[in-house]
Each structure stands twice: as structure tokens, then as C-alpha cells.
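Everything below belongs to upload.cif, which stores mmCIF, C-alpha atoms and all ligand atoms.
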```
data_query
#
loop_
_atom_site.group_PDB
_atom_site.id
_atom_site.type_symbol
_atom_site.label_atom_id
_atom_site.label_comp_id
_atom_site.auth_asym_id
_atom_site.auth_seq_id
_atom_site.Cartn_x
_atom_site.Cartn_y
_atom_site.Cartn_z
ATOM 1 C CA MET M 1 -4.854 -17.201 -12.191
ATOM 2 C CA GLU M 2 -7.928 -19.437 -12.145
ATOM 3 C CA HIS M 3 -8.616 -18.249 -8.628
ATOM 4 C CA ILE M 4 -9.518 -14.757 -9.741
ATOM 5 C CA TRP M 5 -13.159 -14.521 -10.538
ATOM 6 C CA ALA M 6 -13.417 -12.258 -13.560
ATOM 7 C CA PRO M 7 -16.794 -12.873 -15.213
ATOM 8 C CA TRP M 8 -16.272 -10.032 -17.743
ATOM 9 C CA ARG M 9 -13.643 -12.267 -19.349
ATOM 10 C CA MET M 10 -16.482 -14.267 -20.825
ATOM 11 C CA GLU M 11 -17.280 -11.303 -23.044
ATOM 12 C CA TYR M 12 -13.613 -11.190 -24.053
ATOM 13 C CA VAL M 13 -13.675 -14.810 -25.138
ATOM 14 C CA GLU M 14 -16.792 -14.161 -27.201
ATOM 15 C CA VAL M 15 -15.447 -10.952 -28.745
ATOM 16 C CA MET M 16 -12.042 -12.406 -29.587
ATOM 17 C CA GLY M 17 -13.591 -15.387 -31.311
ATOM 18 C CA LYS M 18 -15.305 -13.092 -33.803
ATOM 19 C CA GLU M 19 -12.584 -10.491 -34.259
ATOM 20 C CA GLU M 20 -11.084 -10.161 -37.741
ATOM 21 C CA GLY M 21 -7.471 -9.135 -38.207
ATOM 22 C CA CYS M 22 -5.191 -8.502 -35.260
ATOM 23 C CA ILE M 23 -6.176 -6.207 -32.420
ATOM 24 C CA LEU M 24 -2.548 -5.817 -31.250
ATOM 25 C CA CYS M 25 -1.497 -4.614 -34.715
ATOM 26 C CA ASP M 26 -4.515 -2.341 -35.099
ATOM 27 C CA LYS M 27 -4.568 -0.485 -31.769
ATOM 28 C CA PRO M 28 -1.187 1.283 -32.051
ATOM 29 C CA LYS M 29 -2.015 2.305 -35.641
ATOM 30 C CA GLN M 30 -5.221 4.049 -34.585
ATOM 31 C CA GLY M 31 -3.332 6.932 -33.008
ATOM 32 C CA ASN M 32 -5.729 7.191 -30.096
ATOM 33 C CA ASP M 33 -3.656 5.923 -27.219
ATOM 34 C CA ALA M 34 -5.892 7.092 -24.390
ATOM 35 C CA ALA M 35 -9.002 5.427 -25.836
ATOM 36 C CA ASN M 36 -7.005 2.274 -26.531
ATOM 37 C CA TYR M 37 -5.312 2.323 -23.117
ATOM 38 C CA ILE M 38 -1.844 2.395 -24.619
ATOM 39 C CA LEU M 39 0.394 3.523 -21.772
ATOM 40 C CA TYR M 40 3.764 3.685 -23.414
ATOM 41 C CA ARG M 41 5.396 3.409 -26.820
ATOM 42 C CA GLY M 42 8.963 2.241 -27.051
ATOM 43 C CA ASP M 43 10.932 1.817 -30.281
ATOM 44 C CA LYS M 44 10.011 -1.840 -30.716
ATOM 45 C CA ASN M 45 7.349 -2.533 -28.086
ATOM 46 C CA PHE M 46 4.389 -0.853 -26.467
ATOM 47 C CA ILE M 47 2.398 -1.253 -23.257
ATOM 48 C CA ILE M 48 -1.361 -1.636 -23.423
ATOM 49 C CA MET M 49 -3.778 -2.210 -20.578
ATOM 50 C CA ASN M 50 -5.752 -5.398 -20.910
ATOM 51 C CA ALA M 51 -9.344 -4.360 -21.601
ATOM 52 C CA TYR M 52 -10.560 -7.516 -19.865
ATOM 53 C CA PRO M 53 -8.270 -7.473 -16.845
ATOM 54 C CA TYR M 54 -7.810 -10.192 -14.271
ATOM 55 C CA ASN M 55 -6.933 -7.401 -11.857
ATOM 56 C CA PRO M 56 -6.588 -3.628 -11.979
ATOM 57 C CA GLY M 57 -3.301 -2.808 -13.618
ATOM 58 C CA HIS M 58 -3.228 -5.919 -15.824
ATOM 59 C CA LEU M 59 -0.794 -4.841 -18.552
ATOM 60 C CA MET M 60 0.422 -6.393 -21.778
ATOM 61 C CA ILE M 61 3.830 -5.736 -23.291
ATOM 62 C CA VAL M 62 3.624 -6.148 -27.058
ATOM 63 C CA PRO M 63 6.118 -5.935 -29.928
ATOM 64 C CA TYR M 64 4.810 -3.800 -32.797
ATOM 65 C CA ARG M 65 5.787 -6.555 -35.183
ATOM 66 C CA HIS M 66 3.232 -9.303 -35.712
ATOM 67 C CA VAL M 67 5.161 -12.367 -34.584
ATOM 68 C CA ALA M 68 3.779 -15.432 -32.839
ATOM 69 C CA SER M 69 6.871 -16.765 -31.108
ATOM 70 C CA LEU M 70 9.883 -15.626 -29.097
ATOM 71 C CA GLU M 71 12.280 -17.052 -31.684
ATOM 72 C CA GLU M 72 11.004 -14.583 -34.246
ATOM 73 C CA LEU M 73 11.961 -11.549 -32.171
ATOM 74 C CA THR M 74 15.227 -9.841 -33.028
ATOM 75 C CA ALA M 75 17.791 -9.428 -30.256
ATOM 76 C CA GLU M 76 16.912 -5.758 -29.991
ATOM 77 C CA GLU M 77 13.161 -6.406 -29.840
ATOM 78 C CA LEU M 78 13.721 -8.999 -27.142
ATOM 79 C CA ARG M 79 16.032 -6.792 -25.108
ATOM 80 C CA GLU M 80 13.597 -3.899 -25.168
ATOM 81 C CA HIS M 81 10.643 -6.201 -24.525
ATOM 82 C CA PHE M 82 12.002 -7.319 -21.188
ATOM 83 C CA GLU M 83 13.289 -3.892 -20.333
ATOM 84 C CA VAL M 84 9.725 -2.670 -20.731
ATOM 85 C CA VAL M 85 8.497 -5.598 -18.607
ATOM 86 C CA ARG M 86 10.933 -4.555 -15.887
ATOM 87 C CA ARG M 87 9.842 -0.940 -16.022
ATOM 88 C CA SER M 88 6.184 -1.935 -15.982
ATOM 89 C CA VAL M 89 6.736 -3.892 -12.790
ATOM 90 C CA ARG M 90 8.429 -0.860 -11.277
ATOM 91 C CA LEU M 91 5.532 1.335 -12.387
ATOM 92 C CA LEU M 92 2.894 -0.976 -10.937
ATOM 93 C CA LYS M 93 4.827 -1.290 -7.678
ATOM 94 C CA GLN M 94 4.946 2.459 -7.349
ATOM 95 C CA VAL M 95 1.318 3.086 -8.204
ATOM 96 C CA PHE M 96 -0.488 0.078 -6.727
ATOM 97 C CA ASN M 97 1.927 -1.470 -4.262
ATOM 98 C CA PRO M 98 0.831 -5.054 -5.013
ATOM 99 C CA ASP M 99 1.996 -8.048 -2.959
ATOM 100 C CA GLY M 100 3.217 -9.914 -6.022
ATOM 101 C CA PHE M 101 2.936 -10.382 -9.774
ATOM 102 C CA ASN M 102 2.080 -13.001 -12.344
ATOM 103 C CA ILE M 103 4.187 -12.405 -15.424
ATOM 104 C CA GLY M 104 3.741 -14.716 -18.335
ATOM 105 C CA ILE M 105 3.503 -15.478 -21.997
ATOM 106 C CA ASN M 106 0.914 -17.873 -23.365
ATOM 107 C CA LEU M 107 2.189 -19.503 -26.524
ATOM 108 C CA GLY M 108 -0.549 -21.164 -28.532
ATOM 109 C CA LYS M 109 -4.259 -21.535 -27.958
ATOM 110 C CA VAL M 110 -3.785 -24.695 -25.931
ATOM 111 C CA ALA M 111 -1.755 -22.647 -23.436
ATOM 112 C CA GLY M 112 -4.562 -20.120 -23.111
ATOM 113 C CA ALA M 113 -3.419 -17.457 -25.555
ATOM 114 C CA GLY M 114 -6.388 -15.242 -26.465
ATOM 115 C CA ILE M 115 -4.483 -13.564 -29.288
ATOM 116 C CA GLU M 116 -2.262 -16.437 -30.293
ATOM 117 C CA LYS M 117 -0.775 -14.961 -33.457
ATOM 118 C CA HIS M 118 0.748 -11.883 -31.825
ATOM 119 C CA LEU M 119 3.157 -12.483 -28.972
ATOM 120 C CA HIS M 120 2.646 -10.524 -25.764
ATOM 121 C CA THR M 121 3.701 -10.679 -22.133
ATOM 122 C CA HIS M 122 1.045 -10.362 -19.428
ATOM 123 C CA ILE M 123 1.780 -8.611 -16.171
ATOM 124 C CA VAL M 124 -0.901 -9.097 -13.536
ATOM 125 C CA PRO M 125 -0.398 -7.463 -10.144
ATOM 126 C CA ARG M 126 -1.566 -9.629 -7.258
ATOM 127 C CA TRP M 127 -2.773 -8.818 -3.788
ATOM 128 C CA GLN M 128 -3.113 -11.133 -0.815
ATOM 129 C CA ALA M 129 -6.879 -10.962 -0.993
ATOM 130 C CA ASP M 130 -7.327 -10.207 -4.652
ATOM 131 C CA THR M 131 -10.103 -12.708 -5.208
ATOM 132 C CA ASN M 132 -12.257 -9.956 -3.788
ATOM 133 C CA PHE M 133 -10.055 -6.959 -4.497
ATOM 134 C CA MET M 134 -12.192 -5.905 -7.400
ATOM 135 C CA PRO M 135 -15.790 -6.074 -6.364
ATOM 136 C CA VAL M 136 -17.291 -8.554 -8.721
ATOM 137 C CA ILE M 137 -19.649 -6.794 -10.990
ATOM 138 C CA ALA M 138 -22.003 -8.585 -13.305
ATOM 139 C CA ASN M 139 -22.465 -5.347 -15.209
ATOM 140 C CA THR M 140 -19.417 -5.131 -17.470
ATOM 141 C CA LYS M 141 -20.096 -1.442 -18.187
ATOM 142 C CA VAL M 142 -18.396 -0.581 -14.917
ATOM 143 C CA ILE M 143 -15.101 -1.914 -16.224
ATOM 144 C CA PRO M 144 -14.426 0.870 -18.788
ATOM 145 C CA GLU M 145 -14.802 3.461 -16.017
ATOM 146 C CA ALA M 146 -12.385 1.628 -13.770
ATOM 147 C CA MET M 147 -10.041 1.222 -16.741
ATOM 148 C CA ALA M 148 -10.028 4.941 -17.513
ATOM 149 C CA LYS M 149 -9.240 5.765 -13.884
ATOM 150 C CA THR M 150 -6.417 3.237 -13.762
ATOM 151 C CA TYR M 151 -5.049 4.494 -17.081
ATOM 152 C CA LYS M 152 -4.880 8.062 -15.777
ATOM 153 C CA LYS M 153 -3.063 6.972 -12.633
ATOM 154 C CA LEU M 154 -0.504 4.844 -14.470
ATOM 155 C CA LYS M 155 -0.002 7.335 -17.283
ATOM 156 C CA GLY M 156 0.762 10.081 -14.787
ATOM 157 C CA ALA M 157 3.329 7.994 -12.959
ATOM 158 C CA ALA M 158 4.802 6.533 -16.152
ATOM 159 C CA SER M 159 6.133 9.827 -17.415
ATOM 160 C CA ASN M 160 8.553 9.991 -14.476
ATOM 161 C CA LEU M 161 9.648 6.408 -14.721
ATOM 162 C CA TRP M 162 10.901 6.036 -18.258
ATOM 163 C CA SER M 163 13.761 8.411 -17.751
ATOM 164 C CA VAL M 164 15.060 6.460 -14.714
HETATM 165 ZN ZN ZN Y 1 -0.626 -8.538 -34.836
#
```

Is it possible to give me this structure as C-alpha cells?
Ligand SMILES: [Zn+2]
Amino acid sequence: MEHIWAPWRMEYVEVMGKEEGCILCDKPKQGNDAANYILYRGDKNFIIMNAYPYNPGHLMIVPYRHVASLEELTAEELREHFEVVRRSVRLLKQVFNPDGFNIGINLGKVAGAGIEKHLHTHIVPRWQADTNFMPVIANTKVIPEAMAKTYKKLKGAASNLWSV
């Protein structure tokens, strides 16, 4: 992951340090899924695009419940969590045809968790040459535009996939 140059992540680190409350609790409650890049709502978990992506299509699978560790998830939350992970991989394969994926959970700040109090699974699609897949842009304003485009693409494809 360190090999992807994503300078806009610096802003993320700064923003997250100041943020009050929990962004992963707040976003689904706002009822504005498109603006918040929420792609899918399951019974127990939702999919949100990472606003400071390592790569296009960087998704996070998140339980609605504010829990910090895997042990706190109920069996049903856990089952659905990884079902949604599986479907997200299928979705990303269909839409972006990546060469591989990084899928992971950071538990605790020391492990690199940006939002350490609310468990989430990252899915980052990878391409052979993805260090320069996304043209590196110092101007972070370009990211929201790219995000909106990616959201539209994934959202369109997602509607077909959940019924499979
Ligand atoms: Zn939370």
C-alpha cells in the first residue's frame, strides 16, 4: 500500500484528527447517499467509497453499529459483512477489471486505522501499474469529480449485482 503515491491522503489525516464524533455513524444517518458516496445499504452493513482513496474504487464495508473490534460483531453482522465484501469484489471486477485487490482491516491506530473506533474493511483494487494509474494531482479538488464519476459507474452496476 505504501507504494501508491496518494498525496491527497495528507488532507485526510489532517481532517480526521480534528473530526468530532464518528463519520461512519453519521454518514448513513444523513440520508444523502449520493453525496456521501454510499453505494449500498444492507441490513447490518453498508458500502461507502473512501473519500481519500488509494485507488479509484477504494471501498469500505462498514457495520452500522459502532463497534471497534471483530469480536463485538454478532454472527449475523459478521456473515453479512463478508458477504458484502465478496459482492464488492465481484462488483469491482466487473466494473474496473483490476489485476488484484488489497482487502484488509486495520485494528487500532498503531495498525494504521484512520477511524479506529468504528470497524471497517477496506477493499482497494490494484492494477499492475497502479503507482501511476491515477495521475497524481496536487490539486485535491479534482478528486471529488473523479469520485462522483466512479460512484455513478459502480452504482449503476451494483443494482444488477445484489440480486445474484
Ligand atoms: Zn461509529

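Among M:Ala148, M:Val67, M:Ile48, M:Ala35, the residue with the shortest atom-to-atom distance to ligand ZN 1 (chain Y), counting all atoms listed in the file, is M:Val67.
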
Expected selection as a ChimeraX atom specification for ligand ZN 1 (chain Y) within 7 Å, only C-alpha atoms and all ligand atoms = /M:22-25,65-67,117-118

The PyMOL selection byres (((chain M and resi 69) around 10) and not hetatm) applied to the shown file, residues as a list in words = His66, Val67, Ala68, Leu70, Glu71, Glu72, Leu73, Ile105, Asn106, Leu107, Gly108, Glu116, Lys117, His118, Leu119 and His120 of chain M

Residues in the PyMOL selection byres (((chain M and resi 95) around 12) and not hetatm), expressed as a list of chain:residue names |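 So the PyMOL selection byres (((chain M and resi 95) around 12) and not hetatm) ends up selecting M:Pro56, M:Gly57, M:Ser88, M:Val89, M:Arg90, M:Leu91, M:Leu92, M:Lys93, M:Gln94, M:Phe96, M:Asn97, M:Pro98, M:Pro125, M:Thr150, M:Tyr151, M:Lys152, M:Lys153, M:Leu154, M:Lys155, M:Gly156, M:Ala157, M:Ala158, M:Asn160, M:Leu161.
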
Could you state the separation of atom CA of Gln30 of chain M and atom CA of Glu77 of chain M in Å, given to one decimal place?
-> 21.7 Å

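Separating atom CA of Ile47 of chain M from atom CA of Asn102 of chain M is a distance of 16.0 Å.
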